[in-house]
file coords-v8.txt (compact mmCIF, C-alpha atoms (C1' of nucleotides))
# COMPACT_ATOMS: atom_id res chain seq x y z
CA MET A 1 17.96 -1.25 4.45
CA ALA A 2 19.35 1.94 5.88
CA LYS A 3 17.10 4.94 6.03
CA GLU A 4 17.78 7.36 3.21
CA ARG A 5 19.62 10.42 4.41
CA LEU A 6 17.82 13.55 3.28
CA ARG A 7 19.18 17.03 2.99
CA LYS A 8 17.26 19.81 4.64
CA GLY A 9 16.61 23.23 3.14
CA THR A 10 16.50 23.84 -0.56
CA ALA A 11 16.90 20.51 -2.27
CA ALA A 12 19.34 21.14 -5.12
CA LYS A 13 17.71 18.78 -7.57
CA ARG A 14 20.42 16.90 -9.43
CA VAL A 15 19.39 16.91 -13.06
CA PRO A 16 20.97 14.08 -15.07
CA LEU A 17 22.11 15.50 -18.40
CA ASP A 18 21.41 13.63 -21.59
CA LEU A 19 24.66 14.15 -23.46
CA LYS A 20 24.54 13.27 -27.13
CA GLY A 21 26.88 13.42 -30.07
CA ARG A 22 27.75 12.25 -33.53
CA ILE A 23 31.21 11.62 -34.88
CA TRP A 24 32.54 10.94 -38.33
CA ILE A 25 35.69 11.05 -40.42
CA ASP A 26 35.90 13.54 -43.23
CA GLY A 27 37.41 12.90 -46.65
CA LYS A 28 37.96 14.91 -49.80
CA GLU A 29 34.27 15.14 -50.57
CA GLY A 30 32.83 15.51 -47.08
CA THR A 31 31.88 12.55 -44.93
CA PHE A 32 34.06 9.52 -45.53
CA LEU A 33 33.18 7.25 -42.59
CA GLY A 34 30.27 7.53 -40.18
CA TYR A 35 28.24 5.21 -38.03
CA GLY A 36 25.66 4.39 -40.68
CA ARG A 37 28.33 3.80 -43.30
CA VAL A 38 30.18 1.42 -41.04
CA ILE A 39 27.02 -0.51 -40.24
CA LEU A 40 26.48 -0.74 -43.99
CA LEU A 41 30.01 -2.08 -44.50
CA GLU A 42 29.41 -4.69 -41.82
CA ARG A 43 26.17 -5.78 -43.43
CA ILE A 44 27.82 -6.05 -46.83
CA GLN A 45 30.46 -8.20 -45.17
CA GLU A 46 27.70 -10.34 -43.68
CA TYR A 47 25.46 -10.71 -46.73
CA GLY A 48 27.86 -10.30 -49.65
CA SER A 49 25.33 -8.05 -51.35
CA ILE A 50 24.56 -4.35 -51.31
CA THR A 51 20.90 -5.06 -51.96
CA LYS A 52 20.55 -7.39 -48.98
CA ALA A 53 22.64 -5.14 -46.77
CA ALA A 54 20.40 -2.19 -47.61
CA ARG A 55 17.21 -4.14 -47.02
CA SER A 56 18.47 -5.36 -43.65
CA MET A 57 18.89 -1.73 -42.59
CA GLU A 58 15.60 -0.62 -44.15
CA MET A 59 17.62 1.64 -46.41
CA SER A 60 16.91 2.20 -50.10
CA TYR A 61 19.34 0.46 -52.44
CA ARG A 62 20.01 3.76 -54.14
CA HIS A 63 21.12 5.38 -50.91
CA ALA A 64 23.25 2.40 -49.95
CA TRP A 65 24.92 2.37 -53.34
CA GLU A 66 25.69 6.07 -53.12
CA LEU A 67 27.29 5.60 -49.72
CA VAL A 68 29.45 2.75 -50.98
CA ASP A 69 30.42 4.75 -54.03
CA SER A 70 31.29 7.75 -51.89
CA MET A 71 33.50 5.64 -49.61
CA ASN A 72 35.23 3.99 -52.53
CA ARG A 73 35.93 7.31 -54.22
CA GLN A 74 37.46 8.79 -51.10
CA ALA A 75 39.55 5.85 -49.94
CA SER A 76 43.03 5.35 -51.28
CA ARG A 77 41.86 1.89 -52.28
CA PRO A 78 38.20 0.73 -52.53
CA LEU A 79 36.55 -0.55 -49.35
CA VAL A 80 34.02 -2.59 -51.31
CA GLU A 81 34.46 -4.60 -54.48
CA SER A 82 31.39 -5.49 -56.48
CA ALA A 83 30.62 -7.76 -59.40
CA THR A 84 27.65 -7.68 -61.74
CA GLY A 85 26.15 -10.71 -63.42
CA GLY A 86 27.01 -14.31 -62.76
CA ARG A 87 25.18 -17.09 -61.00
CA GLY A 88 23.68 -15.12 -58.18
CA GLY A 89 23.46 -11.94 -60.18
CA GLY A 90 26.68 -10.65 -58.78
CA GLY A 91 27.46 -9.37 -55.34
CA ALA A 92 29.73 -7.25 -53.24
CA ARG A 93 32.47 -8.03 -50.78
CA LEU A 94 34.65 -6.14 -48.37
CA THR A 95 38.31 -5.57 -49.15
CA GLU A 96 41.01 -5.58 -46.47
CA GLU A 97 40.87 -1.80 -46.63
CA GLY A 98 37.20 -2.07 -45.80
CA GLU A 99 37.85 -4.24 -42.80
CA SER A 100 40.48 -1.82 -41.56
CA ALA A 101 38.05 1.03 -41.96
CA ILE A 102 35.48 -0.74 -39.80
CA ALA A 103 38.04 -1.43 -37.09
CA LEU A 104 39.30 2.13 -37.17
CA PHE A 105 35.92 3.73 -36.86
CA ARG A 106 34.73 1.24 -34.26
CA ARG A 107 37.60 2.19 -32.03
CA PHE A 108 36.93 5.88 -32.54
CA TYR A 109 33.28 5.27 -31.76
CA GLU A 110 33.94 3.28 -28.59
CA ASP A 111 36.31 5.92 -27.32
CA PHE A 112 33.63 8.49 -27.94
CA GLN A 113 31.01 6.53 -26.03
CA ALA A 114 33.42 6.33 -23.11
CA PHE A 115 34.00 10.06 -23.38
CA LEU A 116 30.27 10.77 -23.20
CA ALA A 117 29.88 8.53 -20.18
CA ASP A 118 32.74 10.26 -18.39
CA GLU A 119 31.39 13.71 -19.18
CA GLY A 120 28.00 12.70 -17.85
CA LYS A 121 29.61 12.10 -14.49
CA ALA A 122 31.58 15.32 -14.56
CA LEU A 123 28.87 17.71 -15.67
CA SER A 124 25.57 18.58 -14.06
CA LEU A 125 22.95 21.27 -13.89
CA SER A 126 21.45 22.34 -10.60
CA MET B 127 68.81 22.83 -45.32
CA ALA B 128 69.45 19.18 -44.78
CA LYS B 129 68.63 16.77 -47.53
CA GLU B 130 65.30 15.11 -46.95
CA ARG B 131 65.73 11.56 -45.80
CA LEU B 132 63.67 9.24 -47.94
CA ARG B 133 62.50 5.79 -47.10
CA LYS B 134 63.13 3.05 -49.61
CA GLY B 135 60.63 0.38 -50.61
CA THR B 136 56.90 0.78 -50.15
CA ALA B 137 56.32 4.07 -48.44
CA ALA B 138 53.52 3.49 -45.93
CA LYS B 139 51.93 6.86 -46.45
CA ARG B 140 50.71 8.18 -43.10
CA VAL B 141 47.25 9.58 -43.77
CA PRO B 142 46.19 12.21 -41.24
CA LEU B 143 42.55 11.59 -40.39
CA ASP B 144 40.12 14.45 -40.30
CA LEU B 145 38.05 13.56 -37.24
CA LYS B 146 34.85 15.51 -36.89
CA GLY B 147 31.93 15.55 -34.52
CA ARG B 148 28.96 17.35 -33.11
CA ILE B 149 27.75 17.29 -29.54
CA TRP B 150 24.62 18.55 -27.86
CA ILE B 151 22.49 18.09 -24.76
CA ASP B 152 19.05 16.60 -25.17
CA GLY B 153 15.92 17.73 -23.34
CA LYS B 154 12.28 16.65 -23.24
CA GLU B 155 11.65 17.79 -26.80
CA GLY B 156 14.93 16.90 -28.48
CA THR B 157 17.90 19.22 -28.58
CA PHE B 158 18.14 21.47 -25.56
CA LEU B 159 21.65 22.93 -25.88
CA GLY B 160 23.98 22.84 -28.85
CA TYR B 161 26.82 24.91 -30.22
CA GLY B 162 24.64 27.25 -32.26
CA ARG B 163 22.21 27.72 -29.41
CA VAL B 164 25.00 28.66 -27.03
CA ILE B 165 26.46 31.16 -29.48
CA LEU B 166 22.98 32.62 -29.73
CA LEU B 167 22.74 32.90 -25.94
CA GLU B 168 26.09 34.66 -25.84
CA ARG B 169 25.04 37.12 -28.50
CA ILE B 170 21.79 37.85 -26.68
CA GLN B 171 23.87 38.51 -23.59
CA GLU B 172 26.05 40.85 -25.64
CA TYR B 173 23.35 42.75 -27.51
CA GLY B 174 20.33 42.51 -25.22
CA SER B 175 18.18 41.73 -28.22
CA ILE B 176 17.15 38.61 -30.10
CA THR B 177 16.93 40.56 -33.33
CA LYS B 178 20.46 41.90 -33.10
CA ALA B 179 21.82 38.59 -31.90
CA ALA B 180 20.24 36.84 -34.89
CA ARG B 181 21.54 39.40 -37.36
CA SER B 182 25.05 39.14 -35.94
CA MET B 183 24.98 35.41 -36.71
CA GLU B 184 23.31 35.85 -40.10
CA MET B 185 20.41 33.83 -38.75
CA SER B 186 16.77 34.65 -39.41
CA TYR B 187 14.94 36.17 -36.47
CA ARG B 188 12.33 33.49 -36.83
CA HIS B 189 14.86 30.73 -36.38
CA ALA B 190 16.52 32.49 -33.46
CA TRP B 191 13.21 33.00 -31.72
CA GLU B 192 12.31 29.35 -32.14
CA LEU B 193 15.62 28.29 -30.62
CA VAL B 194 15.16 30.59 -27.63
CA ASP B 195 11.60 29.37 -27.17
CA SER B 196 12.74 25.77 -27.35
CA MET B 197 15.43 26.33 -24.72
CA ASN B 198 13.05 28.17 -22.42
CA ARG B 199 10.43 25.46 -22.66
CA GLN B 200 12.90 22.72 -21.83
CA ALA B 201 14.79 24.41 -19.01
CA SER B 202 13.49 24.19 -15.46
CA ARG B 203 13.62 27.98 -15.49
CA PRO B 204 13.90 30.22 -18.59
CA LEU B 205 17.37 30.95 -19.93
CA VAL B 206 16.20 34.13 -21.61
CA GLU B 207 13.74 36.77 -20.43
CA SER B 208 12.21 39.07 -22.99
CA ALA B 209 10.09 42.19 -22.95
CA THR B 210 7.96 43.68 -25.70
CA GLY B 211 7.30 47.38 -26.16
CA GLY B 212 8.93 50.20 -24.29
CA ARG B 213 11.43 52.77 -25.31
CA GLY B 214 13.71 50.64 -27.41
CA GLY B 215 10.86 48.39 -28.47
CA GLY B 216 11.71 45.82 -25.85
CA GLY B 217 14.63 43.45 -25.62
CA ALA B 218 15.92 40.22 -24.21
CA ARG B 219 18.38 39.38 -21.48
CA LEU B 220 20.03 36.31 -20.11
CA THR B 221 18.98 34.88 -16.75
CA GLU B 222 21.43 33.30 -14.32
CA GLU B 223 20.16 29.98 -15.57
CA GLY B 224 21.17 31.08 -19.03
CA GLU B 225 24.67 31.97 -17.91
CA SER B 226 25.03 28.60 -16.22
CA ALA B 227 23.90 26.88 -19.38
CA ILE B 228 26.59 28.64 -21.40
CA ALA B 229 29.29 27.69 -18.92
CA LEU B 230 28.09 24.10 -18.80
CA PHE B 231 28.07 23.59 -22.52
CA ARG B 232 31.32 25.45 -23.04
CA ARG B 233 33.06 23.03 -20.73
CA PHE B 234 31.49 20.06 -22.47
CA TYR B 235 32.56 21.50 -25.80
CA GLU B 236 36.14 22.15 -24.76
CA ASP B 237 36.48 18.65 -23.38
CA PHE B 238 35.20 17.33 -26.67
CA GLN B 239 37.70 19.34 -28.70
CA ALA B 240 40.45 17.91 -26.54
CA PHE B 241 39.04 14.45 -27.10
CA LEU B 242 39.12 14.89 -30.85
CA ALA B 243 42.70 16.13 -30.76
CA ASP B 244 43.77 13.15 -28.66
CA GLU B 245 42.02 10.69 -30.94
CA GLY B 246 43.69 12.22 -33.94
CA LYS B 247 47.02 11.26 -32.46
CA ALA B 248 45.90 7.76 -31.53
CA LEU B 249 44.22 6.76 -34.77
CA SER B 250 45.60 6.50 -38.27
CA LEU B 251 45.08 4.81 -41.57
CA SER B 252 47.95 3.31 -43.53
C1' DA C 253 19.88 -18.64 -75.93
C1' DT C 254 17.39 -18.39 -71.60
C1' DT C 255 17.23 -17.63 -66.80
C1' DC C 256 18.21 -15.33 -62.55
C1' DG C 257 19.31 -11.93 -59.00
C1' DT C 258 22.25 -8.39 -58.41
C1' DA C 259 24.71 -3.98 -59.76
C1' DA C 260 24.13 0.43 -61.86
C1' DT C 261 21.48 4.37 -63.16
C1' DA C 262 17.65 7.76 -64.12
C1' DT C 263 13.26 10.01 -63.06
C1' DA C 264 9.57 11.45 -60.27
C1' DC C 265 7.79 12.15 -55.74
C1' DA C 266 7.42 13.18 -50.52
C1' DA C 267 9.02 15.13 -46.26
C1' DC C 268 11.37 18.31 -43.72
C1' DA C 269 14.20 22.30 -42.34
C1' DG C 270 15.05 26.73 -42.75
C1' DG C 271 14.68 31.52 -45.04
C1' DG C 272 12.13 35.65 -46.49
C1' DA C 273 8.67 38.62 -45.95
C1' DA C 274 4.73 40.46 -43.99
C1' DT C 275 1.90 41.74 -40.00
C1' DA C 276 0.14 42.36 -35.35
C1' DA C 277 1.17 43.24 -30.41
C1' DC C 278 3.48 45.80 -27.16
C1' DG C 279 4.64 49.74 -23.97
C1' DA C 280 7.79 53.54 -22.44
C1' DA C 281 9.01 58.10 -23.87
C1' DA C 282 8.15 62.28 -26.12
C1' DT D 283 -1.76 59.96 -28.75
C1' DT D 284 2.05 59.41 -31.71
C1' DT D 285 6.44 57.35 -32.38
C1' DC D 286 9.68 53.63 -32.43
C1' DG D 287 12.17 49.20 -32.50
C1' DT D 288 11.57 44.88 -30.70
C1' DT D 289 8.96 40.64 -29.71
C1' DA D 290 5.70 37.37 -31.40
C1' DT D 291 3.37 34.96 -35.17
C1' DT D 292 1.79 33.58 -39.77
C1' DC D 293 2.22 32.25 -44.70
C1' DC D 294 4.74 30.97 -48.66
C1' DC D 295 8.83 29.55 -51.12
C1' DT D 296 12.99 26.87 -51.82
C1' DG D 297 16.76 23.60 -51.33
C1' DT D 298 18.05 19.30 -49.57
C1' DT D 299 17.61 14.60 -48.50
C1' DG D 300 15.93 10.30 -49.00
C1' DT D 301 12.18 7.14 -50.96
C1' DA D 302 9.79 4.73 -54.57
C1' DT D 303 9.83 2.98 -58.93
C1' DA D 304 11.42 1.59 -63.23
C1' DT D 305 14.88 0.29 -66.55
C1' DT D 306 19.22 -1.33 -68.28
C1' DA D 307 23.63 -4.01 -67.80
C1' DC D 308 25.80 -7.97 -66.50
C1' DG D 309 27.61 -12.79 -66.74
C1' DA D 310 27.76 -17.62 -64.88
C1' DA D 311 24.89 -21.60 -64.86
C1' DT D 312 21.53 -24.33 -67.05
call {"tool": "encode", "arguments": {"input": "coords-v8.txt", "output": "structure tokens"}}
result
Amino acid sequence: MAKERLRKGTAAKRVPLDLKGRIWIDGKEGTFLGYGRVILLERIQEYGSITKAARSMEMSYRHAWELVDSMNRQASRPLVESATGGRGGGGARLTEEGESAIALFRRFYEDFQAFLADEGKALSLS
Amino acid sequence: MAKERLRKGTAAKRVPLDLKGRIWIDGKEGTFLGYGRVILLERIQEYGSITKAARSMEMSYRHAWELVDSMNRQASRPLVESATGGRGGGGARLTEEGESAIALFRRFYEDFQAFLADEGKALSLS
DNA sequence: ATTCGTAATATACAACAGGGAATAACGAAA
DNA sequence: TTTCGTTATTCCCTGTTGTATATTACGAAT
């Protein structure tokens, strides 16, 4: 192990900055797609049920339903199709539009994470 | 005026996405620097007073003071120095640390705006 | 017809953020 | 020592957001 090379004089303490951010996609009525909404879509895809998706995120069913309704209203075609009644009481499933929405936002989100990482290297405070 | 050239068949309507986002820099107690905080710093620099800075942003003095206090507590050295009493009743001025903070966040913010613009070109929804 | 679990919807409640207003503290200048 | 406008601080009110809870609607399977 090589000895650590130390600077003399005033040590300009390199403060690592904790860069944060949130991104979303707006629609006619405000937020259309955001991180939480996309997670919700993915859970609906996984469980086939808004109720189970909400529970898995520790989110109230009411809130989850409102988010789904908001996305459906703002999309050109619904992202989630739901059915009431039937053997299992009904359920919900993702449409192709819904799957596209997930992919779209995921890419946006990954690009943003990369952006934050890059900025963290470029910026600093003495 | 040339006749508009129309596509036949199913017109894949190109939907321009409205990409939005917020960025900030975290500190020990949560948000350290954000857009509103930086505007506030700039106004303090301009007016030499927290009261006038707050009014110019239509922000309550209480809120402005809390933001300044939060930034000062989290910075290694205060971003704003204030004085009570005196001829004009006192006032507030930006330290060098405060000016650096503005410059730092401004750069971060500009980079982010560029990022959003770039993403807008890269992403789309059919 | 009964059962079952989910969708859909309404009402009441809790938590939190921020605004408005009021007041005390302050200190240089007159 | 009086004046003045700002900083510093407290208390109350309100709007928003989400939770908790309860009820109704639904329809395939039994």
call {"tool": "residues_around", "arguments": {"input": "coords-v8.txt", "residues": "DC265 (chain C)", "least_positions_apart": "6", "cutoff": "12 Å", "atoms": "only C-alpha atoms (C1' of nucleotides)", "output": "count of residues only"}}
result
4
call {"tool": "atom_distance", "arguments": {"input": "coords-v8.txt", "atom1": "CA of Gly153 (chain B)", "atom2": "CA of Asp18 (chain A)"}}
result
7.1 Å
call {"tool": "residues_around", "arguments": {"input": "coords-v8.txt", "residues": "region 200-210 of chain B", "least_positions_apart": "4", "cutoff": "10 Å", "atoms": "all atoms listed in the file", "output": "count of residues only"}}
result
41
call {"tool": "interface_residues", "arguments": {"input": "coords-v8.txt", "of": "chain C", "to": "chain A", "cutoff": "6 Å", "atoms": "only C-alpha atoms (C1' of nucleotides)", "output": "PyMOL selection string"}}
result
chain C and resi 257-259
call {"tool": "residues_around", "arguments": {"input": "coords-v8.txt", "residues": "Gly120 (chain A)", "least_positions_apart": "2", "cutoff": "12 Å", "atoms": "only C-alpha atoms (C1' of nucleotides)", "output": "PyMOL selection string"}}
result
(chain A and resi 15-20+113-118+122-125) or (chain B and resi 151+230-231+233-234+237)
call {"tool": "residues_around", "arguments": {"input": "coords-v8.txt", "residues": "DT298 (chain D)", "least_positions_apart": "3", "cutoff": "12 Å", "atoms": "all atoms listed in the file", "output": "list in words"}}
result
DA267, DC268, DA269 and DG270 of chain C
call {"tool": "calpha_fit_rmsd", "arguments": {"input": "coords-v8.txt", "fixed": "chain B", "moving": "chain A"}}
result
0.7 Å
